[in-house]
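Colleague: Coordinates in final-v2.pdb, PDB, C-alpha atoms, are listed below.
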MODEL        1
ATOM      1  CA  MET A  26      -5.810   5.339 -22.746
ATOM      2  CA  ALA A  27      -6.022   1.759 -21.546
ATOM      3  CA  ASN A  28      -8.942   0.496 -19.508
ATOM      4  CA  ASN A  29      -9.023  -1.803 -16.505
ATOM      5  CA  VAL A  30      -8.625  -5.473 -17.385
ATOM      6  CA  VAL A  31     -11.121  -7.867 -15.808
ATOM      7  CA  ILE A  32     -10.138 -11.531 -15.604
ATOM      8  CA  GLU A  33     -12.365 -14.158 -14.051
ATOM      9  CA  HIS A  34     -10.969 -17.598 -13.205
ATOM     10  CA  ALA A  35      -7.443 -16.202 -13.590
ATOM     11  CA  ARG A  36      -4.458 -18.506 -13.792
ATOM     12  CA  ILE A  37      -1.689 -17.101 -11.594
ATOM     13  CA  LEU A  38       2.026 -17.809 -12.144
ATOM     14  CA  PHE A  39       5.311 -16.806 -10.481
ATOM     15  CA  ARG A  40       3.836 -15.528  -7.211
ATOM     16  CA  ASN A  41       5.946 -13.087  -5.225
ATOM     17  CA  PHE A  42       3.442 -11.336  -2.968
ATOM     18  CA  SER A  43       6.142 -11.033  -0.293
ATOM     19  CA  GLY A  44       8.533  -9.134  -2.582
ATOM     20  CA  VAL A  45      11.464 -11.490  -2.098
ATOM     21  CA  GLU A  46      14.593 -10.568  -4.035
ATOM     22  CA  SER A  47      15.476 -12.964  -6.846
ATOM     23  CA  LYS A  48      17.284 -13.085 -10.169
ATOM     24  CA  PHE A  49      14.229 -11.503 -11.820
ATOM     25  CA  ASN A  50      12.945  -9.320  -8.965
ATOM     26  CA  PRO A  51      14.453  -6.536  -6.840
ATOM     27  CA  ALA A  52      13.793  -6.779  -3.099
ATOM     28  CA  GLY A  53      10.457  -5.334  -2.003
ATOM     29  CA  ARG A  54       8.647  -5.516  -5.357
ATOM     30  CA  ARG A  55       5.507  -7.542  -4.866
ATOM     31  CA  ASN A  56       4.078  -9.066  -8.011
ATOM     32  CA  PHE A  57       2.751 -12.096  -9.827
ATOM     33  CA  CYS A  58       1.963 -13.029 -13.407
ATOM     34  CA  VAL A  59      -1.434 -13.777 -14.891
ATOM     35  CA  VAL A  60      -2.055 -15.812 -18.028
ATOM     36  CA  ILE A  61      -3.822 -13.828 -20.748
ATOM     37  CA  ASN A  62      -6.301 -15.636 -22.978
ATOM     38  CA  ASP A  63      -5.677 -15.631 -26.722
ATOM     39  CA  GLU A  64      -8.644 -13.346 -27.460
ATOM     40  CA  MET A  65      -7.220 -10.589 -25.247
ATOM     41  CA  VAL A  66      -3.562 -10.708 -26.329
ATOM     42  CA  ASP A  67      -3.757  -8.501 -29.440
ATOM     43  CA  ILE A  68      -6.138  -6.016 -27.798
ATOM     44  CA  LEU A  69      -3.866  -5.564 -24.777
ATOM     45  CA  LYS A  70      -0.679  -5.397 -26.874
ATOM     46  CA  ASN A  71      -2.242  -2.748 -29.136
ATOM     47  CA  ASP A  72      -3.226  -0.714 -26.061
ATOM     48  CA  GLY A  73       0.393  -0.789 -24.841
ATOM     49  CA  TRP A  74       0.341  -3.483 -22.146
ATOM     50  CA  ASN A  75       3.614  -5.430 -21.793
ATOM     51  CA  ILE A  76       2.492  -8.935 -22.749
ATOM     52  CA  LYS A  77       5.233 -11.558 -22.522
ATOM     53  CA  PHE A  78       5.280 -15.174 -23.618
ATOM     54  CA  LEU A  79       6.312 -18.243 -21.648
ATOM     55  CA  GLN A  80       7.989 -20.734 -23.946
ATOM     56  CA  PRO A  81       6.240 -24.112 -24.210
ATOM     57  CA  ARG A  82       7.589 -27.185 -22.481
ATOM     58  CA  GLU A  83       6.227 -29.582 -25.078
ATOM     59  CA  GLU A  84       7.156 -29.360 -28.759
ATOM     60  CA  ASP A  85       3.568 -29.101 -30.059
ATOM     61  CA  ASP A  86       2.397 -26.522 -27.492
ATOM     62  CA  LEU A  87       2.131 -22.802 -28.164
ATOM     63  CA  PRO A  88       3.788 -20.063 -26.063
ATOM     64  CA  THR A  89       1.656 -18.930 -23.099
ATOM     65  CA  PRO A  90       0.910 -15.180 -23.023
ATOM     66  CA  TYR A  91       1.106 -13.531 -19.609
ATOM     67  CA  LEU A  92       1.221 -10.153 -17.918
ATOM     68  CA  GLN A  93       3.234  -9.240 -14.828
ATOM     69  CA  VAL A  94       1.021  -7.509 -12.249
ATOM     70  CA  SER A  95       2.372  -5.397  -9.382
ATOM     71  CA  VAL A  96       0.897  -5.383  -5.888
ATOM     72  CA  SER A  97       1.536  -1.999  -4.298
ATOM     73  CA  TYR A  98       0.055  -0.434  -1.187
ATOM     74  CA  ASN A  99       1.772   2.939  -1.707
ATOM     75  CA  TYR A 100      -0.710   5.214  -3.495
ATOM     76  CA  TYR A 101      -3.759   3.183  -4.488
ATOM     77  CA  PRO A 102      -3.906   0.147  -2.196
ATOM     78  CA  PRO A 103      -5.480  -2.904  -3.796
ATOM     79  CA  LYS A 104      -8.624  -4.540  -2.492
ATOM     80  CA  ILE A 105      -7.652  -8.164  -1.942
ATOM     81  CA  PHE A 106     -10.009 -10.640  -0.283
ATOM     82  CA  LEU A 107      -9.747 -14.289   0.678
ATOM     83  CA  ILE A 108     -12.958 -16.238   0.173
ATOM     84  CA  SER A 109     -13.630 -19.362   2.228
ATOM     85  CA  SER A 110     -16.546 -21.141   3.874
ATOM     86  CA  ASN A 111     -16.055 -18.670   6.742
ATOM     87  CA  GLY A 112     -16.783 -15.694   4.500
ATOM     88  CA  LYS A 113     -14.681 -12.902   3.029
ATOM     89  CA  THR A 114     -11.462 -11.768   4.735
ATOM     90  CA  PRO A 115      -9.590  -8.619   3.647
ATOM     91  CA  VAL A 116      -5.872  -9.031   3.002
ATOM     92  CA  ASP A 117      -3.748  -6.052   4.022
ATOM     93  CA  GLU A 118      -0.081  -5.293   3.445
ATOM     94  CA  ASN A 119       0.942  -7.261   6.547
ATOM     95  CA  MET A 120      -0.893 -10.409   5.400
ATOM     96  CA  VAL A 121      -0.356 -10.382   1.628
ATOM     97  CA  ASN A 122       2.874 -12.426   1.774
ATOM     98  CA  MET A 123       0.880 -15.535   2.810
ATOM     99  CA  LEU A 124      -0.549 -15.636  -0.732
ATOM    100  CA  ASP A 125       2.793 -16.980  -1.964
ATOM    101  CA  TRP A 126       1.918 -20.351  -0.392
ATOM    102  CA  ALA A 127      -1.883 -20.455  -0.298
ATOM    103  CA  GLU A 128      -3.696 -22.937  -2.509
ATOM    104  CA  PHE A 129      -6.086 -21.106  -4.842
ATOM    105  CA  GLU A 130      -9.297 -22.653  -6.077
ATOM    106  CA  ASN A 131     -10.306 -19.559  -8.052
ATOM    107  CA  VAL A 132      -9.052 -16.022  -8.637
ATOM    108  CA  ASP A 133     -11.112 -13.117 -10.002
ATOM    109  CA  LEU A 134      -9.020 -10.071 -10.731
ATOM    110  CA  ILE A 135      -9.251  -6.464 -11.902
ATOM    111  CA  ILE A 136      -5.997  -4.945 -13.141
ATOM    112  CA  ARG A 137      -5.613  -1.181 -13.375
ATOM    113  CA  PRO A 138      -3.264   0.448 -15.862
ATOM    114  CA  TYR A 139      -0.634   3.022 -15.007
ATOM    115  CA  ASN A 140       0.704   4.898 -18.039
ATOM    116  CA  TYR A 141       4.364   5.761 -17.566
ATOM    117  CA  GLU A 142       7.119   7.615 -19.352
ATOM    118  CA  ALA A 143      10.625   7.280 -17.965
ATOM    119  CA  ALA A 144      14.157   7.196 -19.358
ATOM    120  CA  GLY A 145      12.887   7.525 -22.914
ATOM    121  CA  ARG A 146      10.502   4.595 -22.555
ATOM    122  CA  SER A 147       6.758   4.547 -22.178
ATOM    123  CA  GLY A 148       4.119   1.924 -21.654
ATOM    124  CA  ILE A 149       1.562   0.591 -19.246
ATOM    125  CA  LYS A 150       2.390  -0.954 -15.899
ATOM    126  CA  ALA A 151      -0.205  -3.335 -14.476
ATOM    127  CA  TYR A 152      -1.372  -3.033 -10.855
ATOM    128  CA  VAL A 153      -3.928  -5.011  -8.854
ATOM    129  CA  ARG A 154      -7.094  -2.993  -8.365
ATOM    130  CA  SER A 155      -9.106  -5.770  -6.785
ATOM    131  CA  MET A 156      -8.616  -9.489  -6.331
ATOM    132  CA  TYR A 157     -10.932 -12.132  -4.897
ATOM    133  CA  ILE A 158      -9.171 -15.395  -4.082
ATOM    134  CA  THR A 159     -11.182 -18.492  -3.240
ATOM    135  CA  LEU A 160      -9.040 -20.839  -1.180
ATOM    136  CA  VAL A 161      -8.929 -24.615  -1.449
ATOM    137  CA  GLU A 162     -10.274 -25.984   1.822
ATOM    138  CA  ASP A 163      -9.850 -29.371   3.431
ATOM    139  CA  GLU A 164     -12.255 -31.304   5.650
ATOM    140  CA  PHE A 165     -10.985 -29.604   8.812
ATOM    141  CA  ASP A 166     -11.552 -26.087   7.494
ATOM    142  CA  SER A 167     -15.312 -26.581   7.571
ATOM    143  CA  LYS A 168     -15.193 -28.636  10.792
ATOM    144  CA  TYR A 169     -13.349 -25.920  12.752
ATOM    145  CA  GLY A 170     -14.298 -22.916  10.660
ATOM    146  CA  ASP A 171     -16.848 -21.488  13.087
ATOM    147  CA  ILE A 172     -14.423 -21.380  16.044
ATOM    148  CA  PRO A 173     -13.222 -17.788  16.607
ATOM    149  CA  ILE A 174      -9.519 -17.030  16.260
ATOM    150  CA  LYS A 175      -7.932 -15.446  19.331
TER     151      LYS A 175
ENDMDL
END
Could you express the structure from this file as structure tokens?
Modeller:
Amino acid sequence: MANNVVIEHARILFRNFSGVESKFNPAGRRNFCVVINDEMVDILKNDGWNIKFLQPREEDDLPTPYLQVSVSYNYYPPKIFLISSNGKTPVDENMVNMLDWAEFENVDLIIRPYNYEAAGRSGIKAYVRSMYITLVEDEFDSKYGDIPIK
């Protein structure tokens, strides 16, 4: 049985928090990818997580290991929070699509496993359990940050 995966200072790739249909994604499936550090790759692969590798752009670079993570509000809604100088703001299903374009300064993430067996295949699907996203702020964010939104 796989355990939750805790990643601090996560590097996020291929954001699709809005669930937009694409060549690699059916409509409505919200997800993103997170880079997995080298120390965790073998542990997660041995546990059954579906680790993939992004091919390097430069000849001397190594492939980058990553894990696709689903964002689903169906059965176990994730706890997602935006962190800014104004405090902590919860992100619900109606707001999560804005994360496709937000500029992240830091992401701390807990991924929960879901063990599945379907169509003769089995494995672990990764879901967001909790995610704390610190936003990059500009000089006006702090200047106007204390003014209430109406």
Colleague: Record the distance separating CA of Ile37 (chain A) and CA of Ser97 (chain A), expressed in Å with one decimal.
Modeller: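 Here the two named atoms are 17.1 Å from each other.
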Colleague: Once the PyMOL selection byres ((chain A and resi 107) around 9) has been applied to the shown file, what residues remain in the selection, as an mmCIF file with C-alpha atoms, in the frame of the given file?
Modeller:
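Now in result.cif:
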data_model
loop_
_atom_site.group_PDB
_atom_site.id
_atom_site.type_symbol
_atom_site.label_atom_id
_atom_site.label_comp_id
_atom_site.auth_asym_id
_atom_site.auth_seq_id
_atom_site.Cartn_x
_atom_site.Cartn_y
_atom_site.Cartn_z
ATOM 1 C CA ILE A 105 -7.652 -8.164 -1.942
ATOM 2 C CA PHE A 106 -10.009 -10.640 -0.283
ATOM 3 C CA ILE A 108 -12.958 -16.238 0.173
ATOM 4 C CA SER A 109 -13.630 -19.362 2.228
ATOM 5 C CA GLY A 112 -16.783 -15.694 4.500
ATOM 6 C CA LYS A 113 -14.681 -12.902 3.029
ATOM 7 C CA THR A 114 -11.462 -11.768 4.735
ATOM 8 C CA PRO A 115 -9.590 -8.619 3.647
ATOM 9 C CA VAL A 116 -5.872 -9.031 3.002
ATOM 10 C CA MET A 156 -8.616 -9.489 -6.331
ATOM 11 C CA TYR A 157 -10.932 -12.132 -4.897
ATOM 12 C CA ILE A 158 -9.171 -15.395 -4.082
ATOM 13 C CA THR A 159 -11.182 -18.492 -3.240
ATOM 14 C CA LEU A 160 -9.040 -20.839 -1.180
#
Colleague: Residues within 9 Å of Leu124 (chain A), please, as a compact mmCIF listing (two decimals) with C-alpha atoms, keeping the file's coordinate frame. Count all atoms listed in the file; anything in the same chain fewer than 4 positions from it doesn't count.
Modeller:
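Okay, out.txt is ready:
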# COMPACT_ATOMS: atom_id res chain seq x y z
CA ARG A 40 3.84 -15.53 -7.21
CA ASN A 41 5.95 -13.09 -5.22
CA PHE A 42 3.44 -11.34 -2.97
CA SER A 43 6.14 -11.03 -0.29
CA MET A 120 -0.89 -10.41 5.40
CA GLU A 128 -3.70 -22.94 -2.51
CA PHE A 129 -6.09 -21.11 -4.84
Colleague: Taking the file as shown, find all residues satisfying the PyMOL selection byres ((chain A and resi 76) around 8) and write them as a PDB file with C-alpha atoms, in the coordinates of the input.
Modeller:
ATOM      1  CA  VAL A  66      -3.562 -10.708 -26.329  1.00  0.00           C
ATOM      2  CA  LEU A  69      -3.866  -5.564 -24.777  1.00  0.00           C
ATOM      3  CA  LYS A  70      -0.679  -5.397 -26.874  1.00  0.00           C
ATOM      4  CA  TRP A  74       0.341  -3.483 -22.146  1.00  0.00           C
ATOM      5  CA  ASN A  75       3.614  -5.430 -21.793  1.00  0.00           C
ATOM      6  CA  LYS A  77       5.233 -11.558 -22.522  1.00  0.00           C
ATOM      7  CA  PHE A  78       5.280 -15.174 -23.618  1.00  0.00           C
ATOM      8  CA  PRO A  90       0.910 -15.180 -23.023  1.00  0.00           C
ATOM      9  CA  TYR A  91       1.106 -13.531 -19.609  1.00  0.00           C
ATOM     10  CA  LEU A  92       1.221 -10.153 -17.918  1.00  0.00           C
ATOM     11  CA  GLN A  93       3.234  -9.240 -14.828  1.00  0.00           C
TER      12      GLN A  93
END
Colleague: Once the PyMOL selection byres ((chain A and resi 89) around 10) has been evaluated on this model, what residues remain selected, and can you format them as number ranges by chain?
Modeller: A: 60-63, 77-81, 86-88, 90-91
Colleague: Find the residues near Ile135 (chain A): any atom within 9 Å, counting all atoms listed in the file, skip ones fewer than 2 places away on the same chain, and give them as a short mmCIF file (atom, residue, chain, number, x, y, z; two decimals) with C-alpha atoms, in the coordinates of the input.
Modeller:
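Listed below is the output, out.cif:
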data_model
loop_
_atom_site.label_atom_id
_atom_site.label_comp_id
_atom_site.auth_asym_id
_atom_site.auth_seq_id
_atom_site.Cartn_x
_atom_site.Cartn_y
_atom_site.Cartn_z
CA ASN A 29 -9.02 -1.80 -16.50
CA VAL A 30 -8.62 -5.47 -17.39
CA VAL A 31 -11.12 -7.87 -15.81
CA ILE A 32 -10.14 -11.53 -15.60
CA GLU A 33 -12.36 -14.16 -14.05
CA ASP A 133 -11.11 -13.12 -10.00
CA ARG A 137 -5.61 -1.18 -13.38
CA TYR A 152 -1.37 -3.03 -10.86
CA VAL A 153 -3.93 -5.01 -8.85
CA ARG A 154 -7.09 -2.99 -8.36
CA SER A 155 -9.11 -5.77 -6.78
CA MET A 156 -8.62 -9.49 -6.33
#
Colleague: How far is it from CA of Gly44 (chain A) to CA of Tyr98 (chain A), in Å with one decimal?
Modeller: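 We find that CA of Gly44 (chain A) and CA of Tyr98 (chain A) lie 12.2 Å from each other.
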Colleague: Excluding Gly170 (chain A) and its own-chain neighbours fewer than 5 positions away, which residues fall within 8 Å of it when counting only C-alpha atoms? Please give them as a list in words.
Modeller: Ser110, Asn111 and Phe165 of chain A
Colleague: Tell me, in Å to one decimal, how far CA of Ser167 (chain A) is from CA of Ala127 (chain A).
Modeller: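 Going from CA of Ser167 (chain A) over to CA of Ala127 (chain A) covers 16.7 Å.
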Colleague: Quick one: everything within 9 Å of Ser95 (chain A), counting only C-alpha atoms, minus sequence neighbours fewer than 5 positions away in the same chain. Send it as a ChimeraX atom specification.
Modeller: /A:42,54-58,150-153
Colleague: Under the rule that all atoms listed in the file are counted, which of A:Asn28, A:Asp163, A:Gly145, A:Val45 is the nearest residue to Asn122 (chain A)?
Modeller: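 With all atoms listed in the file as the atom set, the closest residue is A:Val45.
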Colleague: Would you be able to write out as a PyMOL selection string which residues have an atom within 12 Å of (3.2, 6.2, -20.2) in the file's coordinates, counting all atoms listed in the file?
Modeller: chain A and resi 26-27+72-75+138-151
Colleague: Have a look at A:Val59, A:Tyr169, A:Glu46, A:Glu118 and name the one nearest to Val132 (chain A); count all atoms listed in the file.
Modeller: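 Using all atoms listed in the file, the shortest distance to Val132 (chain A) belongs to A:Val59.
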Colleague: Starting from the sparse input, extend region 66-99 of chain A to N, CA and C atoms and give the output as an mmCIF file, keeping the file's coordinate frame.
Modeller:
data_model
loop_
_atom_site.group_PDB
_atom_site.id
_atom_site.type_symbol
_atom_site.label_atom_id
_atom_site.label_comp_id
_atom_site.auth_asym_id
_atom_site.auth_seq_id
_atom_site.Cartn_x
_atom_site.Cartn_y
_atom_site.Cartn_z
ATOM 1 N N VAL A 66 -4.967 -11.025 -26.112
ATOM 2 C CA VAL A 66 -3.562 -10.708 -26.329
ATOM 3 C C VAL A 66 -3.375 -9.523 -27.266
ATOM 4 N N ASP A 67 -3.960 -9.576 -28.465
ATOM 5 C CA ASP A 67 -3.757 -8.501 -29.440
ATOM 6 C C ASP A 67 -4.347 -7.179 -28.965
ATOM 7 N N ILE A 68 -5.499 -7.236 -28.313
ATOM 8 C CA ILE A 68 -6.138 -6.016 -27.798
ATOM 9 C C ILE A 68 -5.226 -5.343 -26.780
ATOM 10 N N LEU A 69 -4.718 -6.126 -25.825
ATOM 11 C CA LEU A 69 -3.866 -5.564 -24.777
ATOM 12 C C LEU A 69 -2.531 -5.072 -25.346
ATOM 13 N N LYS A 70 -1.939 -5.826 -26.259
ATOM 14 C CA LYS A 70 -0.679 -5.397 -26.874
ATOM 15 C C LYS A 70 -0.871 -4.090 -27.635
ATOM 16 N N ASN A 71 -1.970 -3.977 -28.375
ATOM 17 C CA ASN A 71 -2.242 -2.748 -29.136
ATOM 18 C C ASN A 71 -2.472 -1.550 -28.221
ATOM 19 N N ASP A 72 -3.009 -1.797 -27.028
ATOM 20 C CA ASP A 72 -3.226 -0.714 -26.061
ATOM 21 C C ASP A 72 -1.930 -0.298 -25.365
ATOM 22 N N GLY A 73 -0.886 -1.139 -25.450
ATOM 23 C CA GLY A 73 0.393 -0.789 -24.841
ATOM 24 C C GLY A 73 0.790 -1.613 -23.628
ATOM 25 N N TRP A 74 -0.016 -2.618 -23.273
ATOM 26 C CA TRP A 74 0.341 -3.483 -22.146
ATOM 27 C C TRP A 74 1.550 -4.328 -22.538
ATOM 28 N N ASN A 75 2.390 -4.669 -21.561
ATOM 29 C CA ASN A 75 3.614 -5.430 -21.793
ATOM 30 C C ASN A 75 3.350 -6.935 -21.672
ATOM 31 N N ILE A 76 2.794 -7.506 -22.724
ATOM 32 C CA ILE A 76 2.492 -8.935 -22.749
ATOM 33 C C ILE A 76 3.778 -9.691 -23.080
ATOM 34 N N LYS A 77 4.071 -10.705 -22.287
ATOM 35 C CA LYS A 77 5.233 -11.558 -22.522
ATOM 36 C C LYS A 77 4.746 -12.976 -22.814
ATOM 37 N N PHE A 78 5.653 -13.812 -23.255
ATOM 38 C CA PHE A 78 5.280 -15.174 -23.618
ATOM 39 C C PHE A 78 6.199 -16.179 -22.941
ATOM 40 N N LEU A 79 5.598 -17.145 -22.280
ATOM 41 C CA LEU A 79 6.312 -18.243 -21.648
ATOM 42 C C LEU A 79 6.491 -19.330 -22.701
ATOM 43 N N GLN A 80 7.721 -19.729 -22.915
ATOM 44 C CA GLN A 80 7.989 -20.734 -23.946
ATOM 45 C C GLN A 80 7.409 -22.090 -23.542
ATOM 46 N N PRO A 81 6.888 -22.826 -24.521
ATOM 47 C CA PRO A 81 6.240 -24.112 -24.210
ATOM 48 C C PRO A 81 7.243 -25.162 -23.745
ATOM 49 N N ARG A 82 6.749 -26.079 -22.946
ATOM 50 C CA ARG A 82 7.589 -27.185 -22.481
ATOM 51 C C ARG A 82 7.540 -28.355 -23.459
ATOM 52 N N GLU A 83 6.399 -28.506 -24.103
ATOM 53 C CA GLU A 83 6.227 -29.582 -25.078
ATOM 54 C C GLU A 83 6.366 -29.018 -26.489
ATOM 55 N N GLU A 84 6.872 -29.807 -27.401
ATOM 56 C CA GLU A 84 7.156 -29.360 -28.759
ATOM 57 C C GLU A 84 5.918 -28.852 -29.501
ATOM 58 N N ASP A 85 4.775 -29.469 -29.319
ATOM 59 C CA ASP A 85 3.568 -29.101 -30.059
ATOM 60 C C ASP A 85 2.758 -27.987 -29.400
ATOM 61 N N ASP A 86 3.140 -27.576 -28.197
ATOM 62 C CA ASP A 86 2.397 -26.522 -27.492
ATOM 63 C C ASP A 86 2.773 -25.144 -28.019
ATOM 64 N N LEU A 87 1.893 -24.193 -27.781
ATOM 65 C CA LEU A 87 2.131 -22.802 -28.164
ATOM 66 C C LEU A 87 2.665 -22.023 -26.964
ATOM 67 N N PRO A 88 3.355 -20.916 -27.185
ATOM 68 C CA PRO A 88 3.788 -20.063 -26.063
ATOM 69 C C PRO A 88 2.570 -19.557 -25.277
ATOM 70 N N THR A 89 2.735 -19.388 -23.981
ATOM 71 C CA THR A 89 1.656 -18.930 -23.099
ATOM 72 C C THR A 89 1.811 -17.435 -22.847
ATOM 73 N N PRO A 90 0.821 -16.620 -23.271
ATOM 74 C CA PRO A 90 0.910 -15.180 -23.023
ATOM 75 C C PRO A 90 0.594 -14.856 -21.552
ATOM 76 N N TYR A 91 1.354 -13.924 -20.996
ATOM 77 C CA TYR A 91 1.106 -13.531 -19.609
ATOM 78 C C TYR A 91 1.468 -12.064 -19.410
ATOM 79 N N LEU A 92 0.990 -11.541 -18.296
ATOM 80 C CA LEU A 92 1.221 -10.153 -17.918
ATOM 81 C C LEU A 92 1.695 -10.128 -16.472
ATOM 82 N N GLN A 93 2.791 -9.408 -16.213
ATOM 83 C CA GLN A 93 3.234 -9.240 -14.828
ATOM 84 C C GLN A 93 2.381 -8.149 -14.187
ATOM 85 N N VAL A 94 1.895 -8.423 -12.970
ATOM 86 C CA VAL A 94 1.021 -7.509 -12.249
ATOM 87 C C VAL A 94 1.667 -7.159 -10.915
ATOM 88 N N SER A 95 1.784 -5.870 -10.635
ATOM 89 C CA SER A 95 2.372 -5.397 -9.382
ATOM 90 C C SER A 95 1.314 -5.283 -8.297
ATOM 91 N N VAL A 96 1.751 -5.522 -7.068
ATOM 92 C CA VAL A 96 0.897 -5.383 -5.888
ATOM 93 C C VAL A 96 1.549 -4.310 -5.028
ATOM 94 N N SER A 97 0.944 -3.112 -5.026
ATOM 95 C CA SER A 97 1.536 -1.999 -4.298
ATOM 96 C C SER A 97 0.506 -1.360 -3.381
ATOM 97 N N TYR A 98 0.925 -1.089 -2.167
ATOM 98 C CA TYR A 98 0.055 -0.434 -1.187
ATOM 99 C C TYR A 98 0.414 1.040 -1.011
ATOM 100 N N ASN A 99 1.272 1.578 -1.878
ATOM 101 C CA ASN A 99 1.772 2.939 -1.707
ATOM 102 C C ASN A 99 0.726 4.021 -1.961
#
